[in-house]
Amino acid sequence: MDDMESPLRISERVRALAAQAERELEGEFARIGAIAQANSQRVLAAFQKHRVAEGYFAGTTGYGYDDLGRDKLDEIYADLFGAEDALVRIQFVNGTHAIACALFGALKAGDVLVSAVGAPYDTLLGVVGAADKGHGSLKDYGVEYRQVELKDNAPDKEGLARAVRDPRVKAVLIQRSRGYATRASLSVDEIGELCAIVRKNNPNAAILVDNCYGEFVEEQEPTHVGADLAVGSLIKNPGGGLAPTGAYIAGRRDLVEGAAMRLTCPGIGRECGSTLGNNRLLYQGLFLAPHTVSQAVKTAVFAARLMELLGYETDPRSDAARHDIIQMIHLGGPEAVRRFCKGIQSGAPVDSYVTPEPWVMPGYDCPVIMAAGAFIQGASIELSADAPMREPYTVYLQGGLTYESGKTGVMLAAEELLRE
């Protein structure tokens with residue numbers, strides 16, 4: 001293939017803008033590196049404390065009884081999250097599944113669930129019953145759902161205090177990441193403030209945090225600041241790009257046990273669930289996670305600055321503190337969204353030749369375009385970009401197993417935007 005046909009052909013203009021962006025981001029990159037260093041030391045200390053050994057990497061089949069590596073990994077996650085207990089399982093099909101198990105484990109008929117920051121992520125609307133996506137929602141089982149709307153695009157703390165005073169409120173859901181909303185993602189400190197409000201007004205309510213996209217971006221997790229549970233997907237941050245599937249739940253022991261009973265069934269709970277030879281990947285992915293997350297955050301910051309230099313509005317801005325790996329870029333129209341996603345796809349190691357097209361994805365209310373040439377299908381810790389094809393035509397970028405590859409993909413996206 002000659003240079004004219006190469007998908008990695010990048011103009012001098014884009015290379016110059018990329019170099020300028022990197023020069024201007026030296027301070028941000030240093031801050032990201034310091035967080036990665038602190039979190040890497042935390043993970044290493046946990047591995048050493050729990051005496052991780054080669055024998056833990058052997059997998060089980062069938063029922064999965066006495067899987068020492070699986071059970072030890074639960075202990076390590078609990079330690080890292082400052083929690084009583086944890087459940088790390090490849091049987092969770094995604095983060096939504098794990099959150100659903102946590103909610104069903106914490107609630108029963110007649111209880112009320114409150115979402116603290118407006119509507120949850122699109123795929124959870126069917127779980128809570130806010131949208132009819134098939135039988136089996138919390139609403140179908142007699143759990144009432146309410147949400148506290150945002151105020152000036154931020155959490156309404158007074159509204160939350162009023163909402164949780166009802167003694168029927170038995171669980172409060174806090175979504176850390178913005179999802180497809182335009183609000184800012186929540187910092188761990190902000191989550192702690194929301195937890196304190198719930199505790200003051202309803203000490204019996206369980207606080208569950210959808211922690212997807214946020215693990216290891218800061219030096220603490222929501223369970224360090226008052227949350228009863230933190231839940232997330234292993235093919236996002238904590239899997240380090242190696243976990244092939246699964247999710248985790250970490251927090252209060254009774255709530256973790258309740259979720260385990262929903263994942264399998266009452267009487268079985270966490271005792272079953274074979275690992276099928278995947279323990280090594282889960283351990284190694286967790287060990288790499290602080291570094292891999294830092295690569296994704298650096299990619300997001302670089303993307304923000306490069307797009308700002310091209311005149312696009314970004315959120316967060318390139319000089320803002322980060323609380324998850326997601327970068328919003330406001331492109332203003334459907335064609336720009338298509339071009340950006342085509343550029344990201346062309347920078348992927350897998351399926352780079354594919355042109356992304358919008359399609360109706362399960363769990364979403366409009367066509368979604370997604371660029372994702374990943375080793376693990378749907379792995380958001382790998383470089384990807386997606387957007388609902390509706391106004392304001394904002395693309396959501398996340399991931400980058402290495403900063404160098406993430407940077408290249410972003411530069412190729414810039415090339416597509418500049419192409420006449």
# chains A, B, ... in the order shown; residues from 1 in each chain; ligands from 1

call {"tool": "residues_around", "arguments": {"residues": "region 123-127 of chain A", "least_positions_apart": "4", "cutoff": "9 Å", "atoms": "only C-alpha atoms", "output": "number ranges by chain"}}
result
A: 96-97, 99-100, 119, 131-139, 362-364

call {"tool": "write_last_selection", "arguments": {"atoms": "all heavy atoms", "output": "tab-separated table (two decimals), in the first residue's frame"}}
result
chain	number	residue	atom	x	y	z
A	96	THR	N	-24.91	-2.70	33.03
A	96	THR	CA	-26.35	-2.58	33.28
A	96	THR	C	-26.87	-3.79	34.03
A	96	THR	O	-27.68	-3.68	34.95
A	96	THR	CB	-27.11	-2.40	31.96
A	96	THR	OG1	-26.65	-1.20	31.30
A	96	THR	CG2	-28.60	-2.32	32.18
A	97	HIS	N	-26.41	-4.97	33.64
A	97	HIS	CA	-26.83	-6.20	34.31
A	97	HIS	C	-26.42	-6.18	35.78
A	97	HIS	O	-27.21	-6.52	36.67
A	97	HIS	CB	-26.19	-7.40	33.59
A	97	HIS	CG	-26.56	-8.73	34.15
A	97	HIS	ND1	-25.79	-9.86	33.93
A	97	HIS	CD2	-27.60	-9.14	34.93
A	97	HIS	CE1	-26.34	-10.88	34.54
A	97	HIS	NE2	-27.44	-10.48	35.15
A	99	ILE	N	-25.79	-3.54	37.69
A	99	ILE	CA	-26.57	-2.52	38.39
A	99	ILE	C	-27.97	-3.04	38.67
A	99	ILE	O	-28.53	-2.85	39.75
A	99	ILE	CB	-26.61	-1.21	37.58
A	99	ILE	CG1	-25.22	-0.61	37.47
A	99	ILE	CG2	-27.57	-0.20	38.24
A	99	ILE	CD1	-25.11	0.47	36.41
A	100	ALA	N	-28.56	-3.73	37.67
A	100	ALA	CA	-29.89	-4.29	37.86
A	100	ALA	C	-29.90	-5.30	39.00
A	100	ALA	O	-30.81	-5.30	39.84
A	100	ALA	CB	-30.38	-4.94	36.56
A	119	ALA	N	-32.51	11.39	34.96
A	119	ALA	CA	-32.69	10.06	34.39
A	119	ALA	C	-31.36	9.31	34.32
A	119	ALA	O	-30.32	9.90	34.04
A	119	ALA	CB	-33.29	10.17	32.99
A	131	ALA	N	-39.24	3.18	31.01
A	131	ALA	CA	-39.58	2.91	29.62
A	131	ALA	C	-39.94	1.43	29.52
A	131	ALA	O	-39.39	0.59	30.23
A	131	ALA	CB	-38.40	3.23	28.71
A	132	ASP	N	-40.89	1.13	28.65
A	132	ASP	CA	-41.34	-0.26	28.49
A	132	ASP	C	-40.41	-0.97	27.52
A	132	ASP	O	-40.49	-0.79	26.31
A	132	ASP	CB	-42.78	-0.29	27.98
A	132	ASP	CG	-43.32	-1.71	27.91
A	132	ASP	OD1	-42.60	-2.64	28.32
A	132	ASP	OD2	-44.46	-1.88	27.45
A	133	LYS	N	-39.52	-1.77	28.06
A	133	LYS	CA	-38.59	-2.52	27.21
A	133	LYS	C	-38.69	-4.02	27.46
A	133	LYS	O	-37.73	-4.77	27.25
A	133	LYS	CB	-37.16	-2.02	27.46
A	133	LYS	CG	-36.98	-0.55	27.08
A	133	LYS	CD	-35.55	-0.09	27.17
A	133	LYS	CE	-35.42	1.36	26.74
A	133	LYS	NZ	-34.03	1.85	26.76
A	134	GLY	N	-39.86	-4.43	27.92
A	134	GLY	CA	-40.08	-5.85	28.14
A	134	GLY	C	-40.37	-6.16	29.60
A	134	GLY	O	-40.08	-5.37	30.50
A	135	HIS	N	-40.92	-7.34	29.83
A	135	HIS	CA	-41.32	-7.74	31.18
A	135	HIS	C	-40.11	-7.92	32.09
A	135	HIS	O	-39.05	-8.36	31.65
A	135	HIS	CB	-42.11	-9.04	31.13
A	135	HIS	CG	-42.44	-9.60	32.48
A	135	HIS	ND1	-43.39	-9.02	33.30
A	135	HIS	CD2	-41.93	-10.63	33.18
A	135	HIS	CE1	-43.46	-9.69	34.43
A	135	HIS	NE2	-42.57	-10.69	34.39
A	136	GLY	N	-40.30	-7.60	33.36
A	136	GLY	CA	-39.27	-7.89	34.35
A	136	GLY	C	-38.62	-6.68	34.97
A	136	GLY	O	-37.61	-6.80	35.66
A	137	SER	N	-39.18	-5.50	34.78
A	137	SER	CA	-38.62	-4.30	35.37
A	137	SER	C	-38.92	-4.22	36.86
A	137	SER	O	-39.76	-4.96	37.38
A	137	SER	CB	-39.18	-3.05	34.68
A	137	SER	OG	-40.56	-2.88	35.01
A	138	LEU	N	-38.25	-3.32	37.55
A	138	LEU	CA	-38.57	-3.07	38.95
A	138	LEU	C	-40.02	-2.66	39.11
A	138	LEU	O	-40.70	-3.06	40.07
A	138	LEU	CB	-37.65	-1.98	39.50
A	138	LEU	CG	-36.20	-2.38	39.78
A	138	LEU	CD1	-35.34	-1.14	39.98
A	138	LEU	CD2	-36.10	-3.29	41.00
A	139	LYS	N	-40.53	-1.88	38.18
A	139	LYS	CA	-41.92	-1.46	38.22
A	139	LYS	C	-42.85	-2.65	38.17
A	139	LYS	O	-43.86	-2.71	38.89
A	139	LYS	CB	-42.21	-0.51	37.06
A	139	LYS	CG	-43.62	0.03	37.01
A	139	LYS	CD	-43.81	0.97	35.83
A	139	LYS	CE	-45.23	1.50	35.73
A	139	LYS	NZ	-45.38	2.41	34.55
A	362	PRO	N	-29.83	-2.01	20.92
A	362	PRO	CA	-30.72	-2.40	22.03
A	362	PRO	C	-30.55	-1.48	23.23
A	362	PRO	O	-29.42	-1.18	23.65
A	362	PRO	CB	-30.26	-3.82	22.37
A	362	PRO	CG	-29.62	-4.32	21.11
A	362	PRO	CD	-28.98	-3.12	20.48
A	363	GLY	N	-31.67	-0.98	23.76
A	363	GLY	CA	-31.63	-0.15	24.96
A	363	GLY	C	-31.63	1.34	24.69
A	363	GLY	O	-31.68	2.13	25.63
A	364	TYR	N	-31.58	1.75	23.40
A	364	TYR	CA	-31.51	3.17	23.09
A	364	TYR	C	-32.76	3.60	22.33
A	364	TYR	O	-33.38	2.80	21.63
A	364	TYR	CB	-30.26	3.49	22.27
A	364	TYR	CG	-28.98	3.18	23.02
A	364	TYR	CD1	-28.42	1.91	22.98
A	364	TYR	CD2	-28.34	4.16	23.77
A	364	TYR	CE1	-27.25	1.62	23.69
A	364	TYR	CE2	-27.17	3.88	24.46
A	364	TYR	CZ	-26.64	2.60	24.42
A	364	TYR	OH	-25.50	2.32	25.11

call {"tool": "residues_around", "arguments": {"residues": "Leu173 (chain A)", "least_positions_apart": "5", "cutoff": "12 Å", "atoms": "only C-alpha atoms", "output": "PyMOL selection string"}}
result
chain A and resi 99-100+102-103+106-107+112-121+124+128+145-148+160+164+191+194-195+198+205-211+227-231

call {"tool": "atom_distance", "arguments": {"atom1": "CA of Arg199 (chain A)", "atom2": "CA of Gly226 (chain A)"}}
result
8.6 Å

call {"tool": "residues_around", "arguments": {"residues": "Asp152 (chain A)", "least_positions_apart": "4", "cutoff": "12 Å", "atoms": "only C-alpha atoms", "output": "ChimeraX atom specification"}}
result
/A:117-118,156-157,182-184

call {"tool": "select_by_dssp", "arguments": {"residues": "region 80-180 of chain A", "states": "strand (DSSP E)", "output": "list of chain:residue names"}}
result
A:Asp85, A:Ala86, A:Leu87, A:Val88, A:Arg89, A:Val112, A:Leu113, A:Val114, A:Ser115, A:Glu144, A:Tyr145, A:Arg146, A:Gln147, A:Val169, A:Lys170, A:Ala171, A:Val172, A:Leu173, A:Ile174, A:Gln175

call {"tool": "closest_residue", "arguments": {"among": "A:Leu401, A:Leu242, A:Ile235, A:Ala260", "to": "Val93 (chain A)", "atoms": "only C-alpha atoms"}}
result
A:Ile235

call {"tool": "closest_atom_pairs", "arguments": {"of": "region 149-246 of chain A", "to": "region 380-398 of chain A", "cutoff": "9 Å", "atoms": "only C-alpha atoms", "output": "Markdown table"}}
result
| residue | atom | partner | partner_atom | distance |
| --- | --- | --- | --- | --- |
| A:Gly179 | CA | A:Tyr396 | CA | 8.8 |
| A:Tyr180 | CA | A:Pro388 | CA | 7.9 |
| A:Tyr213 | CA | A:Ser380 | CA | 8.0 |
| A:Ile235 | CA | A:Ser380 | CA | 6.6 |
| A:Lys236 | CA | A:Ile381 | CA | 4.7 |
| A:Asn237 | CA | A:Ile381 | CA | 5.7 |
| A:Pro238 | CA | A:Ile381 | CA | 8.9 |
| A:Gly239 | CA | A:Ile381 | CA | 8.4 |
| A:Gly240 | CA | A:Ile381 | CA | 7.3 |
| A:Gly241 | CA | A:Ile381 | CA | 6.2 |

call {"tool": "write_last_selection", "arguments": {"atoms": "N, CA, C and O atoms", "output": "compact mmCIF listing (two decimals), in the first residue's frame"}}
result
# COMPACT_ATOMS: atom_id res chain seq x y z
N GLY A 179 -23.25 9.83 30.98
CA GLY A 179 -24.01 9.10 29.98
C GLY A 179 -24.19 9.96 28.74
O GLY A 179 -23.24 10.60 28.28
N TYR A 180 -25.41 10.00 28.19
CA TYR A 180 -25.68 10.87 27.04
C TYR A 180 -26.31 12.19 27.48
O TYR A 180 -26.89 12.91 26.67
N TYR A 213 -16.97 3.97 33.94
CA TYR A 213 -16.08 4.95 33.33
C TYR A 213 -15.26 5.74 34.35
O TYR A 213 -14.42 6.55 33.96
N ILE A 235 -15.18 -4.48 31.29
CA ILE A 235 -14.64 -4.13 29.98
C ILE A 235 -14.55 -2.61 29.81
O ILE A 235 -14.34 -2.11 28.71
N LYS A 236 -14.71 -1.92 30.95
CA LYS A 236 -14.35 -0.51 31.00
C LYS A 236 -13.10 -0.42 31.87
O LYS A 236 -12.19 -1.24 31.75
N ASN A 237 -13.03 0.54 32.76
CA ASN A 237 -11.77 0.85 33.44
C ASN A 237 -11.11 -0.30 34.21
O ASN A 237 -9.92 -0.56 34.01
N PRO A 238 -11.80 -0.99 35.12
CA PRO A 238 -11.07 -1.89 36.02
C PRO A 238 -10.57 -3.17 35.37
O PRO A 238 -9.75 -3.87 35.96
N GLY A 239 -11.02 -3.47 34.15
CA GLY A 239 -10.52 -4.65 33.46
C GLY A 239 -9.21 -4.42 32.75
O GLY A 239 -8.59 -5.37 32.24
N GLY A 240 -8.78 -3.16 32.70
CA GLY A 240 -7.47 -2.84 32.14
C GLY A 240 -7.28 -3.21 30.68
O GLY A 240 -6.15 -3.30 30.20
N GLY A 241 -8.36 -3.45 29.96
CA GLY A 241 -8.25 -3.81 28.55
C GLY A 241 -8.03 -5.29 28.32
O GLY A 241 -7.97 -5.74 27.18

call {"tool": "closest_residue", "arguments": {"among": "A:Ile32, A:Ala163, A:Leu8, A:Cys272", "to": "Asp66 (chain A)", "atoms": "only C-alpha atoms"}}
result
A:Cys272

call {"tool": "closest_atom_pairs", "arguments": {"of": "region 163-274 of chain A", "to": "region 307-323 of chain A", "cutoff": "7 Å", "atoms": "only C-alpha atoms", "output": "JSON lines"}}
result
{"residue": "A:Ser185", "atom": "CA", "partner": "A:His323", "partner_atom": "CA", "distance": 6.2}
{"residue": "A:Leu186", "atom": "CA", "partner": "A:His323", "partner_atom": "CA", "distance": 6.3}
{"residue": "A:Ser187", "atom": "CA", "partner": "A:His323", "partner_atom": "CA", "distance": 5.2}
{"residue": "A:Gly214", "atom": "CA", "partner": "A:His323", "partner_atom": "CA", "distance": 6.1}
{"residue": "A:Val217", "atom": "CA", "partner": "A:His323", "partner_atom": "CA", "distance": 5.9}
{"residue": "A:Glu218", "atom": "CA", "partner": "A:His323", "partner_atom": "CA", "distance": 6.6}

call {"tool": "closest_atom_pairs", "arguments": {"of": "region 8-69 of chain A", "to": "region 412-418 of chain A", "cutoff": "9 Å", "atoms": "only C-alpha atoms", "output": "JSON lines"}}
result
{"residue": "A:Leu8", "atom": "CA", "partner": "A:Leu412", "partner_atom": "CA", "distance": 7.2}
{"residue": "A:Arg9", "atom": "CA", "partner": "A:Leu412", "partner_atom": "CA", "distance": 8.0}
{"residue": "A:Ile10", "atom": "CA", "partner": "A:Leu412", "partner_atom": "CA", "distance": 6.7}
{"residue": "A:Ser11", "atom": "CA", "partner": "A:Glu415", "partner_atom": "CA", "distance": 7.4}
{"residue": "A:Val14", "atom": "CA", "partner": "A:Glu415", "partner_atom": "CA", "distance": 7.0}

call {"tool": "write_last_selection", "arguments": {"atoms": "C-alpha atoms", "output": "short mmCIF file (atom, residue, chain, number, x, y, z; two decimals), in the first residue's frame"}}
result
data_model
loop_
_atom_site.label_atom_id
_atom_site.label_comp_id
_atom_site.auth_asym_id
_atom_site.auth_seq_id
_atom_site.Cartn_x
_atom_site.Cartn_y
_atom_site.Cartn_z
CA LEU A 8 -2.46 6.61 8.67
CA ARG A 9 -1.71 9.47 6.32
CA ILE A 10 -1.83 12.58 8.49
CA SER A 11 -1.32 16.10 7.14
CA VAL A 14 -2.83 18.19 11.92
#

call {"tool": "decode", "arguments": {"residues": "region 65-122 of chain A", "atoms": "C-alpha atoms", "output": "compact mmCIF listing (two decimals), in the first residue's frame"}}
result
# COMPACT_ATOMS: atom_id res chain seq x y z
CA TYR A 65 -17.22 -24.44 43.57
CA ASP A 66 -14.08 -23.61 45.55
CA ASP A 67 -12.64 -21.24 42.95
CA LEU A 68 -9.87 -19.80 45.11
CA GLY A 69 -8.77 -17.23 42.55
CA ARG A 70 -12.31 -15.94 42.02
CA ASP A 71 -12.93 -15.61 45.74
CA LYS A 72 -9.56 -13.95 46.39
CA LEU A 73 -10.25 -11.41 43.64
CA ASP A 74 -13.47 -10.50 45.46
CA GLU A 75 -11.37 -9.74 48.55
CA ILE A 76 -8.92 -7.61 46.57
CA TYR A 77 -11.71 -5.53 45.01
CA ALA A 78 -13.28 -5.04 48.44
CA ASP A 79 -9.91 -3.86 49.76
CA LEU A 80 -9.34 -1.43 46.88
CA PHE A 81 -12.83 0.03 47.27
CA GLY A 82 -12.65 0.33 51.05
CA ALA A 83 -15.63 -2.00 51.21
CA GLU A 84 -16.87 -4.90 53.32
CA ASP A 85 -17.32 -7.22 50.36
CA ALA A 86 -17.23 -7.47 46.58
CA LEU A 87 -18.57 -9.68 43.81
CA VAL A 88 -16.48 -9.90 40.63
CA ARG A 89 -18.00 -12.21 38.04
CA ILE A 90 -17.74 -12.92 34.32
CA GLN A 91 -21.41 -14.00 34.49
CA PHE A 92 -22.44 -10.32 34.49
CA VAL A 93 -23.05 -9.58 30.80
CA ASN A 94 -22.46 -5.83 31.19
CA GLY A 95 -22.59 -2.98 33.68
CA THR A 96 -26.35 -2.58 33.28
CA HIS A 97 -26.83 -6.20 34.31
CA ALA A 98 -24.73 -5.72 37.44
CA ILE A 99 -26.57 -2.52 38.39
CA ALA A 100 -29.89 -4.29 37.86
CA CYS A 101 -28.82 -7.14 40.15
CA ALA A 102 -27.74 -4.63 42.78
CA LEU A 103 -31.08 -2.79 42.59
CA PHE A 104 -33.19 -5.94 42.68
CA GLY A 105 -31.12 -7.19 45.60
CA ALA A 106 -31.71 -3.99 47.57
CA LEU A 107 -35.43 -3.45 46.85
CA LYS A 108 -38.71 -5.27 47.24
CA ALA A 109 -42.35 -4.63 46.40
CA GLY A 110 -43.64 -1.40 47.92
CA ASP A 111 -40.22 0.25 48.07
CA VAL A 112 -39.24 3.41 46.23
CA LEU A 113 -36.07 3.94 44.19
CA VAL A 114 -34.83 7.52 43.69
CA SER A 115 -32.38 8.54 40.97
CA ALA A 116 -30.40 11.45 42.39
CA VAL A 117 -29.21 13.12 39.18
CA GLY A 118 -32.05 12.96 36.70
CA ALA A 119 -32.69 10.06 34.39
CA PRO A 120 -30.15 7.22 34.48
CA TYR A 121 -28.27 5.94 31.45
CA ASP A 122 -30.52 4.89 28.57
